[in-house]
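Input: a single structure, listed below in structure tokens.
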Protein chains: 2
Amino acid sequence: MLSLRSLYTSNGDRPELRTNMDVDYVIHFKVSSDRAEAEAGFTQLIEALTRVGLASEVRNGDESSLLVFVKVASEKHLANQIYRERVQDWLYGVRITAPEKDVGKEFTNQPVSEAERLRTVYLLITKPKNEGGAGITPKIGQWKDVVSVFPLHNHAFNRQWIKQWSTKYFLNEQDLDQIRDRFGESVAFYFAFVQSYFAFLAFPAAFGFGAWLILDRYSWFYALVNSLWSIVFFEWWKKKEVDLAVQWGVRGVSRIQRPRTQFRWDHEAADPVTGEAVKVYSPVKRLKTQLLQIPFALGCLAILGALYVFCFSIEIFLSEIYNGPFKSYLTFTPTIILTGVLPTLSTILGNFAEKLTDRENYETSDAHHASLVQKLFIINFITSYTPLFLSAFVYMPFGNLLVPYLDIFKITAEKFSSEKTIATQGFQINPDRLRKQMIYFTVTAQIVNFALEVVVPYAKRKVFSEVEKAQSKGKKELAANDVPEEHAFLERVRDEAKLDIYDVTTDYREMVVQFGYLSLFSAIWPLTPLSFFINNWVELRSDAMKIAVSSQRPIPWRADSIGPWLNSLGFLSWFGSLVSSAIVYLFSGDSEGPGGDPYNIAAWGLLLSMILSEHVYLAAQFAVRYALHQMDSPGLQKERAERFAMRKQLLEESLGVEVTEKPLPPTPQAGEKITRESLEEEARRISTQGGGSPEQLFWLRQQGMDETIQIGRMLISKTKPAKN
Amino acid sequence: MLSLRSLYTSNGDRPELRTNMDVDYVIHFKVSSDRAEAEAGFTQLIEALTRVGLASEVRNGDESSLLVFVKVASEKHLANQIYRERVQDWLYGVRITAPEKDVGKEFTNQPVSEAERLRTVYLLITKPKNEGGAGITPKIGQWKDVVSVFPLHNHAFNRQWIKQWSTKYFLNEQDLDQIRDRFGESVAFYFAFVQSYFAFLAFPAAFGFGAWLILDRYSWFYALVNSLWSIVFFEWWKKKEVDLAVQWGVRGVSRIQRPRTQFRWDHEAADPVTGEAVKVYSPVKRLKTQLLQIPFALGCLAILGALYVFCFSIEIFLSEIYNGPFKSYLTFTPTIILTGVLPTLSTILGNFAEKLTDRENYETSDAHHASLVQKLFIINFITSYTPLFLSAFVYMPFGNLLVPYLDIFKITAEKFSSEKTIATQGFQINPDRLRKQMIYFTVTAQIVNFALEVVVPYAKRKVFSEVEKAQSKGKKELAANDVPEEHAFLERVRDEAKLDIYDVTTDYREMVVQFGYLSLFSAIWPLTPLSFFINNWVELRSDAMKIAVSSQRPIPWRADSIGPWLNSLGFLSWFGSLVSSAIVYLFSGDSEGPGGDPYNIAAWGLLLSMILSEHVYLAAQFAVRYALHQMDSPGLQKERAERFAMRKQLLEESLGVEVTEKPLPPTPQAGEKITRESLEEEARRISTQGGGSPEQLFWLRQQGMDETIQIGRMLISKTKPAKN
């Protein structure tokens, strides 16, 4: 098993990690209870693979599964496939320059990266049969016994990668290019985004630290700077994203989208662009389903909101009113309820979101994914920020008014309790509550999260594998069947087959939620960006580790942006302008704010400050966009230059016209000659015909330049000069 | 002289209007007081024209000017020029399909329109010498005696055009295509915009009429529908604009921009795209100058605002307080002041705006023009809407409070007057003032404007030419010099030389200002859209008339959108959501609104309704954009299809690869054969070398598909099947 140690110590350079045996993909095949069915399924699998030019070897998996190793039978066949993909890219405008006519030369100029190879092979395995693939769709329909199709980690690279990253402060473009070459643009975009975000955080981290030292609490100046920073970061990233896409040759790749196998169509029609038959699903039908998102969002808000309000009330009651026995233990009740109920609820809602998205029936995986992400964002938004919203906009301003209603808990408790009355203390709004909560979310929660993400899965796997080792005698039997020289390699592959599938969505979600804390609430505690800055340095490395150590190697998909998360970021940045200003307005000044008596809060003052803040935000966004738009981006420039060069070359090649931007200035003689000649010829023609049209006669009055000049001079001498 | 009559009566089919004598351009050359200088200048002019292959004829102009007639000497030379332009368009991505290799075939497929011909000749005359033109820049530097360079009207077309348009209700695409072929895309875009706007107005016109009959005054429902309508129209037009640009083959033409001759550069550098040397001016320097726009806008607001406030105060005083002698005459004082001062002030500010824009030193005419338009928009915004703003947000709510301050006029007047006291009446807010003002702006002002635009110039010209005829004896002498058969034609050209240059900016400005009234204030009077609907039917025709009858034929420039006005429209649409909601909040309910006592107006209620309205607006905009984005636009579809076809064709031609979207599915045999062959060959090689790498051995354990299947079955029989 690949362990952390193995990545760092030279002893870790174990032979089974040194080679992947030229394997492109491993197919994990589960043997179902019906053995005849299993044999038939297996035969079909091998036949399907062979039919598309893939070689296969089979070995034992665990007790009830097989491992099918797949590689491309002929490198030439693969090269053809890749070349075909590149040509298609060019046809759809993803590449600007056409691939070289000579296939060999093309691959010398642009070598095939690991990611490109693996993507092509994966498509060969999974594409539908009518598009030239083997049509193997893991876990679905005919292929329900195929548990997973995964590439093997390149451990030599992984080791070097983790080593390198853990010893440098900033990642550069080469580091990202490496990721792209190994794990595809989709993963590379995530790292590029987090790296940019991390680098940008340096400023608010420093500024926030200064603000924490010098400025008042809930400083409007800090909120303003923070908001402006979020605009600059967001707009800059939008530009950077395009740049990266051009640099990686994937701009517009989201247009060549992977079709969803589950898509159900109404009818077929000719594609207006390519003329091919395409499957059509009525957009009106889809729009109707999409409208269900509104009740869905409201439902999420109601359910999760109710849970939070309930826990929040208990918490206030127990921590700030209740004074009876077991107080110190009872205080944890809400936390326990939340920890127990929230994940379950989130999962249920998440599944519901997935069902809803399925019903929206998108043609492509990308559209499906974008729609799902939108719904997940709503759930995450509510679960992440509700506690702070409740504290800031309910507890702090209206606490004194609402707390009497909490007596319901006291009454309920008294009913069930043996004691007649439950001891309480006088309620006092806790002015530090908001800040404490914020510190919890920005420091404690991040550490807990890190533990959940990296340490726990690692420990879990360690324990499980020990347990398995101890329990299973079957395993030993299986191992005994291995050819000795392959044994270590096969054991390693068996371990990799058990790992989780890496899902970049989870990581994006974490970053976007973090950005939300920063944008919405960091006015509460200006050390927030500093905490995130530190966290993200670790996050980048721990995510790398997660991919290298505790996940299967991801399928290297392409992408041309961070996709649907961009909208979420934009929304949070804008919403931050409203929330921050409201927080600053409510709590700045004296430490308790205008809290206590809600009637003291001039509603119009709050509204005005929010309006003002929002419009400053929108104006600043406009200005930043304009300023960034003025700067030429190297990526787009490159694109334009390439497009220009391509057209020029094509023109020279196929039209045989020498293209010079500047037409050759004709010599004076040439112009004159043309005039003379044409006039003389015309005059000749006219004289033979006799007469001539008024137009011809008009142009024959002055023969050539000299006569015109002469007559002009004569006319000038007759004019009354204009008064200047 | 071309008169309205001549366009409609068959007698108007006069011979001098039937032919343009093959003239492409007329250069109006003023003879300066220094005759030697004039002769030298004239000689240079003719030489410069001849040098670029243009033939010229000279005739008398008026008493102190000459008319130089220019045509292309050789049609082949012109064809080459046009072909070169088309190739350049393709190089820069304006055209998708490459021009045909065979020039003749290209022109058969895509004939040269009048507009294309005239534009090419104009560029030949005006482009700098180093770019292959004659470098003639009217009124500037060396060419200060060149008053104008203009093409001759195609009167046969004009007559038919006006006739056709005045007899049909709706213009269709063919009508716009005609305009495009004759006057270029820049003018065609204006007509396309006004036509679309007119067609869209049908809905609010009908709805407004209904609202006027049924709904209360200042109805929020009307304001809401109006605001939604403006969103739909704006978003729809943005799409339509792109469609038209694609259809007319000018999409992205604004990127190939005409360089400004007045541009001053810091240094030269290589263009990153084309590699050519380009002139560079520091964008930071420019940004600094651009920042001056802020004090400029504030200055305009202060100056024009002060003028309006002053006139407004006098008006209120005289019409609603003052009750002394001459009241009925004195009431006109503010109108007289405004009519006298406002145009002068606008002109001064306009000139100032032009100077400012000059200092911003743009590379291209388009950028210069866009920046100028932005400034003109500010001036127009203030001059057009301030009276209504003052009435709605100062007079109506605060009238009673502010009117006492107007006593200053009384005191001043008493000082200068012989009478001791000036009679006054009690002040009463006039609740109808706002509506009356609105009716003035939407009906009266539009009619006055029509008169100023069409009737006055026509009458003026008529009178002037009569006066001239009577006065000038010189004219008769000049006319005597004309060859008799050319006389009528020359007289016509002399008339056209005197006409104004058509400036599409003025017309756009008018429409944009109108859209502003609709978007900002039409809640005051729901018949506004109906009035505009009627007005715009006339406007379309009168603008056509203006071009055909009272302006020189415009240079047929290209354009790919309505340019900077788009932003102005967007701004007005958004601002409308704020202003309308404020008006509705202030005045709906009782007929006088909450006016009278400002303290009755809950500031927060006003703010809340504005916020709400704005956010409803933004959300609706988002939704409309999304919905429109879902619809495929025929233009973009065409563009994609063309691009795809072009790439496919180029691929087939130059790469010699047959491109099928679907790779041929390899036959089962083929795949198997590859596997077998490669394996056998490998096995042979290994056996000769002895041994082999672990990788090679790994893949040789199972020879071919059948063995894999066999071994797989064997392994399956040994597994413990998974529990389902």
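Order determines the names: the first chain of the structure tokens is A, the second B, and so forth; residues in each chain are numbered 1 upward, and ligands are numbered 1 upward as they are shown.
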Check: If we count only C-alpha atoms, what is near A:Leu54 at a cut-off of 6 Å, once residues fewer than 5 positions away on the same chain are taken out, given as an NGL selection string?
Finding: :A and (49 or 71-73)
If you keep N, CA, C and O atoms, can you produce a file of those selected residues as a CSV table (one decimal), in the first residue's frame?
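Below is the file that was written, again_28.csv:
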```csv
chain,number,residue,atom,x,y,z
A,49,LEU,N,-13.7,-4.8,-25.8
A,49,LEU,CA,-12.4,-4.1,-25.7
A,49,LEU,C,-11.6,-4.4,-26.9
A,49,LEU,O,-11.0,-3.5,-27.6
A,71,LYS,N,-4.6,-2.1,-22.3
A,71,LYS,CA,-3.7,-1.1,-23.0
A,71,LYS,C,-4.1,-1.1,-24.5
A,71,LYS,O,-4.7,-2.0,-25.0
A,72,VAL,N,-3.6,-0.1,-25.1
A,72,VAL,CA,-3.9,0.0,-26.6
A,72,VAL,C,-3.0,-1.0,-27.3
A,72,VAL,O,-1.8,-1.1,-27.0
A,73,ALA,N,-3.6,-1.8,-28.2
A,73,ALA,CA,-2.9,-2.8,-28.8
A,73,ALA,C,-1.8,-2.3,-29.7
A,73,ALA,O,-0.7,-2.8,-29.8
```
Item checked: Selected residue of minimal separation from B:Val147 among B:Val504, B:Val26, B:Leu569, B:Ile214, counting only C-alpha atoms ->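 Among B:Val504, B:Val26, B:Leu569, B:Ile214, it is B:Val26 that comes nearest to B:Val147.
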Next item on the list: Quick one: everything within 9 Å of stretch 362-367 of chain B, counting only C-alpha atoms, minus sequence neighbours fewer than 3 positions away in the same chain. Send it as a PyMOL selection string.
Entry: chain B and resi 254+257-265+279-281+286+357-359+370-372+563
Next item on the list: Apply DSSP to the backbone of this structure and, from stretch 322-438 of chain A, keep only the residues in alpha helix (DSSP H); write these as a ChimeraX atom specification.
Entry: /A:327-330,333-360,365-390,396-402,407-416,433-438
Margin query: For a test of reading the model, state the distance in Å between atom CA of A:Met511 and atom CA of A:Phe532, rounded to one decimal.
Written below: 9.8 Å
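Proximity ranking of B:Gly210, B:Pro404, B:Pro204, B:Gly605 relative to B:Phe233 places B:Pro204 first, based on only C-alpha atoms.
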Note to self: Taking 2 positions as the minimum chain separation for residues in the same chain, which residues sit within 12 Å of B:Phe332 when counting only C-alpha atoms? Answer as a list in words.
What the structure shows: Cys311, Phe312, Ile314, Glu315, Ile316, Phe317, Leu318, Ser319, Phe326, Lys327, Ser328, Tyr329, Leu330, Pro334, Thr335, Ile336, Ile337, Leu338 and Thr339 of chain B
With N, CA, C and O atoms retained, could you export that selection as a CSV table (one decimal), in the first residue's frame?
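File produced: out30.csv:
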```csv
chain,number,residue,atom,x,y,z
B,311,CYS,N,-34.3,79.1,-14.1
B,311,CYS,CA,-35.4,79.3,-15.0
B,311,CYS,C,-36.7,78.7,-14.3
B,311,CYS,O,-37.8,79.3,-14.4
B,312,PHE,N,-36.5,77.6,-13.7
B,312,PHE,CA,-37.5,76.9,-13.0
B,312,PHE,C,-38.1,77.8,-11.9
B,312,PHE,O,-39.4,78.0,-11.8
B,314,ILE,N,-37.9,81.1,-11.6
B,314,ILE,CA,-38.6,82.2,-12.2
B,314,ILE,C,-40.0,81.8,-12.7
B,314,ILE,O,-41.0,82.5,-12.5
B,315,GLU,N,-40.0,80.6,-13.3
B,315,GLU,CA,-41.3,80.2,-13.9
B,315,GLU,C,-42.3,79.9,-12.8
B,315,GLU,O,-43.5,80.4,-13.0
B,316,ILE,N,-41.9,79.3,-11.8
B,316,ILE,CA,-42.8,79.0,-10.7
B,316,ILE,C,-43.3,80.4,-10.1
B,316,ILE,O,-44.5,80.6,-9.9
B,317,PHE,N,-42.3,81.2,-9.9
B,317,PHE,CA,-42.7,82.6,-9.4
B,317,PHE,C,-43.7,83.3,-10.2
B,317,PHE,O,-44.8,83.7,-9.8
B,318,LEU,N,-43.4,83.3,-11.5
B,318,LEU,CA,-44.2,84.1,-12.4
B,318,LEU,C,-45.6,83.4,-12.7
B,318,LEU,O,-46.6,84.1,-12.7
B,319,SER,N,-45.6,82.1,-12.8
B,319,SER,CA,-46.8,81.5,-13.2
B,319,SER,C,-47.7,81.2,-12.0
B,319,SER,O,-48.9,81.2,-12.1
B,326,PHE,N,-48.8,92.3,-16.8
B,326,PHE,CA,-48.1,91.6,-17.9
B,326,PHE,C,-47.8,90.1,-17.6
B,326,PHE,O,-47.0,89.5,-18.1
B,327,LYS,N,-48.6,89.6,-16.6
B,327,LYS,CA,-48.3,88.2,-16.2
B,327,LYS,C,-48.3,87.3,-17.4
B,327,LYS,O,-47.4,86.4,-17.5
B,328,SER,N,-49.3,87.4,-18.3
B,328,SER,CA,-49.3,86.5,-19.4
B,328,SER,C,-48.1,86.6,-20.3
B,328,SER,O,-47.7,85.6,-20.9
B,329,TYR,N,-47.5,87.7,-20.4
B,329,TYR,CA,-46.3,87.8,-21.2
B,329,TYR,C,-45.1,87.4,-20.5
B,329,TYR,O,-44.2,86.7,-21.0
B,330,LEU,N,-45.0,87.8,-19.2
B,330,LEU,CA,-43.8,87.5,-18.4
B,330,LEU,C,-43.6,86.0,-18.2
B,330,LEU,O,-42.5,85.5,-18.1
B,334,PRO,N,-38.9,82.6,-18.8
B,334,PRO,CA,-38.0,81.4,-18.7
B,334,PRO,C,-37.8,80.7,-20.0
B,334,PRO,O,-36.7,80.3,-20.3
B,335,THR,N,-38.9,80.5,-20.7
B,335,THR,CA,-38.8,79.8,-22.0
B,335,THR,C,-37.8,80.6,-22.9
B,335,THR,O,-37.0,80.0,-23.6
B,336,ILE,N,-38.0,81.9,-22.9
B,336,ILE,CA,-37.1,82.7,-23.7
B,336,ILE,C,-35.7,82.6,-23.3
B,336,ILE,O,-34.8,82.4,-24.1
B,337,ILE,N,-35.5,82.6,-22.0
B,337,ILE,CA,-34.1,82.5,-21.5
B,337,ILE,C,-33.5,81.1,-21.9
B,337,ILE,O,-32.4,81.1,-22.5
B,338,LEU,N,-34.3,80.1,-21.7
B,338,LEU,CA,-33.8,78.8,-22.0
B,338,LEU,C,-33.5,78.6,-23.5
B,338,LEU,O,-32.5,78.1,-23.9
B,339,THR,N,-34.5,79.1,-24.3
B,339,THR,CA,-34.3,79.0,-25.8
B,339,THR,C,-33.1,79.7,-26.2
B,339,THR,O,-32.4,79.3,-27.2
```
Notebook entry, point to check: Do you know which residues are at most 10 Å from stretch 217-221 of chain B counting only C-alpha atoms, after dropping those on the same chain fewer than 3 positions away, and could you put them as a list of chain:residue names?
Noted result: B:Ala211, B:Trp212, B:Leu213, B:Ile214, B:Leu224, B:Val225, B:Asn226, B:Ser227, B:Phe521, B:Ser522, B:Ala523, B:Ile524, B:Trp525, B:Pro526, B:Ser580, B:Ser581, B:Ile583, B:Val584, B:Tyr585, B:Leu586, B:Phe587, B:Ser588, B:Gly589, B:Asp590, B:Ser591, B:Gly593
Next item on the list: Fewer than 6 positions away in the same chain doesn't count, so skip those; otherwise give me all residues within 8 Å of A:Arg541, counting only C-alpha atoms, as a PyMOL selection string.
Entry: chain A and resi 162+165-166
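Non-sequential neighbours of stretch 135-140 of chain A (distance at most 9 Å, separation of 6 or more positions within a chain, only C-alpha atoms) are Leu45, Ala48, Leu49, Leu123, Leu124, Ile125, Thr126, Lys127, Pro128, Lys129, Val146, Val147, Ser148, Val149 and Thr261 of chain A.
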Go ahead and dump the residues you just picked, all heavy atoms, as a compact mmCIF listing (two decimals), in the first residue's frame.
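Full text of result_33.txt as output:
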```txt
# COMPACT_ATOMS: atom_id res chain seq x y z
N LEU A 45 -17.27 -8.17 -22.21
CA LEU A 45 -16.35 -7.07 -21.89
C LEU A 45 -15.07 -7.19 -22.71
O LEU A 45 -14.63 -6.25 -23.37
CB LEU A 45 -16.04 -7.11 -20.39
CG LEU A 45 -15.01 -6.10 -19.88
CD1 LEU A 45 -15.57 -4.69 -19.96
CD2 LEU A 45 -14.60 -6.42 -18.44
N ALA A 48 -15.72 -6.60 -26.38
CA ALA A 48 -15.94 -5.19 -26.70
C ALA A 48 -14.62 -4.43 -26.72
O ALA A 48 -14.39 -3.56 -27.57
CB ALA A 48 -16.89 -4.56 -25.67
N LEU A 49 -13.75 -4.77 -25.77
CA LEU A 49 -12.45 -4.09 -25.71
C LEU A 49 -11.62 -4.42 -26.94
O LEU A 49 -11.02 -3.55 -27.56
CB LEU A 49 -11.69 -4.50 -24.45
CG LEU A 49 -12.27 -4.00 -23.12
CD1 LEU A 49 -11.54 -4.66 -21.95
CD2 LEU A 49 -12.15 -2.48 -23.02
N LEU A 123 -12.04 7.43 -23.61
CA LEU A 123 -13.15 7.64 -24.55
C LEU A 123 -13.36 6.39 -25.41
O LEU A 123 -14.49 6.01 -25.71
CB LEU A 123 -12.89 8.86 -25.43
CG LEU A 123 -13.09 10.20 -24.72
CD1 LEU A 123 -12.68 11.36 -25.61
CD2 LEU A 123 -14.55 10.36 -24.29
N LEU A 124 -12.25 5.77 -25.79
CA LEU A 124 -12.33 4.54 -26.59
C LEU A 124 -13.11 3.46 -25.82
O LEU A 124 -13.91 2.72 -26.38
CB LEU A 124 -10.91 4.05 -26.87
CG LEU A 124 -10.59 3.46 -28.24
CD1 LEU A 124 -11.10 4.35 -29.34
CD2 LEU A 124 -9.09 3.27 -28.37
N ILE A 125 -12.88 3.41 -24.53
CA ILE A 125 -13.56 2.40 -23.70
C ILE A 125 -15.03 2.76 -23.51
O ILE A 125 -15.90 1.89 -23.56
CB ILE A 125 -12.86 2.26 -22.33
CG1 ILE A 125 -11.42 1.77 -22.51
CG2 ILE A 125 -13.62 1.31 -21.40
CD1 ILE A 125 -10.60 1.74 -21.24
N THR A 126 -15.31 4.05 -23.28
CA THR A 126 -16.66 4.41 -22.81
C THR A 126 -17.58 4.98 -23.88
O THR A 126 -18.79 5.01 -23.67
CB THR A 126 -16.56 5.44 -21.67
OG1 THR A 126 -15.81 6.56 -22.13
CG2 THR A 126 -15.91 4.86 -20.44
N LYS A 127 -17.04 5.49 -24.98
CA LYS A 127 -17.92 6.10 -25.99
C LYS A 127 -18.91 5.06 -26.52
O LYS A 127 -18.59 3.88 -26.60
CB LYS A 127 -17.10 6.64 -27.16
CG LYS A 127 -16.83 8.12 -27.06
CD LYS A 127 -16.36 8.74 -28.37
CE LYS A 127 -15.13 8.08 -28.93
NZ LYS A 127 -14.57 8.82 -30.08
N PRO A 128 -20.12 5.52 -26.93
CA PRO A 128 -21.08 4.57 -27.49
C PRO A 128 -20.51 3.89 -28.73
O PRO A 128 -19.61 4.42 -29.39
CB PRO A 128 -22.28 5.44 -27.88
CG PRO A 128 -22.07 6.76 -27.24
CD PRO A 128 -20.64 6.90 -26.89
N LYS A 129 -21.06 2.72 -29.04
CA LYS A 129 -20.53 1.94 -30.15
C LYS A 129 -20.63 2.67 -31.48
O LYS A 129 -19.73 2.63 -32.30
CB LYS A 129 -21.27 0.60 -30.25
CG LYS A 129 -20.74 -0.39 -29.25
CD LYS A 129 -21.42 -1.72 -29.38
CE LYS A 129 -21.02 -2.61 -28.20
NZ LYS A 129 -21.90 -3.73 -28.01
N VAL A 146 -19.34 -3.86 -14.00
CA VAL A 146 -18.10 -3.10 -14.08
C VAL A 146 -18.13 -2.06 -12.96
O VAL A 146 -18.90 -1.11 -13.00
CB VAL A 146 -17.95 -2.43 -15.45
CG1 VAL A 146 -16.76 -1.49 -15.46
CG2 VAL A 146 -17.82 -3.48 -16.54
N VAL A 147 -17.33 -2.26 -11.93
CA VAL A 147 -17.36 -1.36 -10.77
C VAL A 147 -16.71 -0.03 -11.10
O VAL A 147 -17.24 1.03 -10.79
CB VAL A 147 -16.64 -2.01 -9.56
CG1 VAL A 147 -16.68 -1.09 -8.36
CG2 VAL A 147 -17.26 -3.36 -9.25
N SER A 148 -15.57 -0.11 -11.75
CA SER A 148 -14.90 1.14 -12.08
C SER A 148 -13.88 0.93 -13.19
O SER A 148 -13.43 -0.20 -13.41
CB SER A 148 -14.21 1.74 -10.84
OG SER A 148 -13.24 0.82 -10.38
N VAL A 149 -13.59 2.00 -13.87
CA VAL A 149 -12.55 2.00 -14.90
C VAL A 149 -11.60 3.11 -14.50
O VAL A 149 -11.99 4.26 -14.47
CB VAL A 149 -13.17 2.31 -16.28
CG1 VAL A 149 -12.08 2.36 -17.34
CG2 VAL A 149 -14.23 1.28 -16.65
N THR A 261 -25.21 9.77 -21.44
CA THR A 261 -25.84 8.52 -21.91
C THR A 261 -27.30 8.45 -21.46
O THR A 261 -28.11 7.80 -22.11
CB THR A 261 -25.07 7.30 -21.37
OG1 THR A 261 -24.50 7.63 -20.12
CG2 THR A 261 -23.99 6.89 -22.33
```
Item checked: Pairwise distance for atom CA of A:Glu453 and atom CA of A:Ser550, rounded to one decimal in Å -> 9.6 Å
Margin query: If I take atom CA of A:Phe191 and atom CA of A:Val373, how far is one from the other in Å, to one decimal?
Written below: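 Separation between atom CA of A:Phe191 and atom CA of A:Val373: 18.6 Å.
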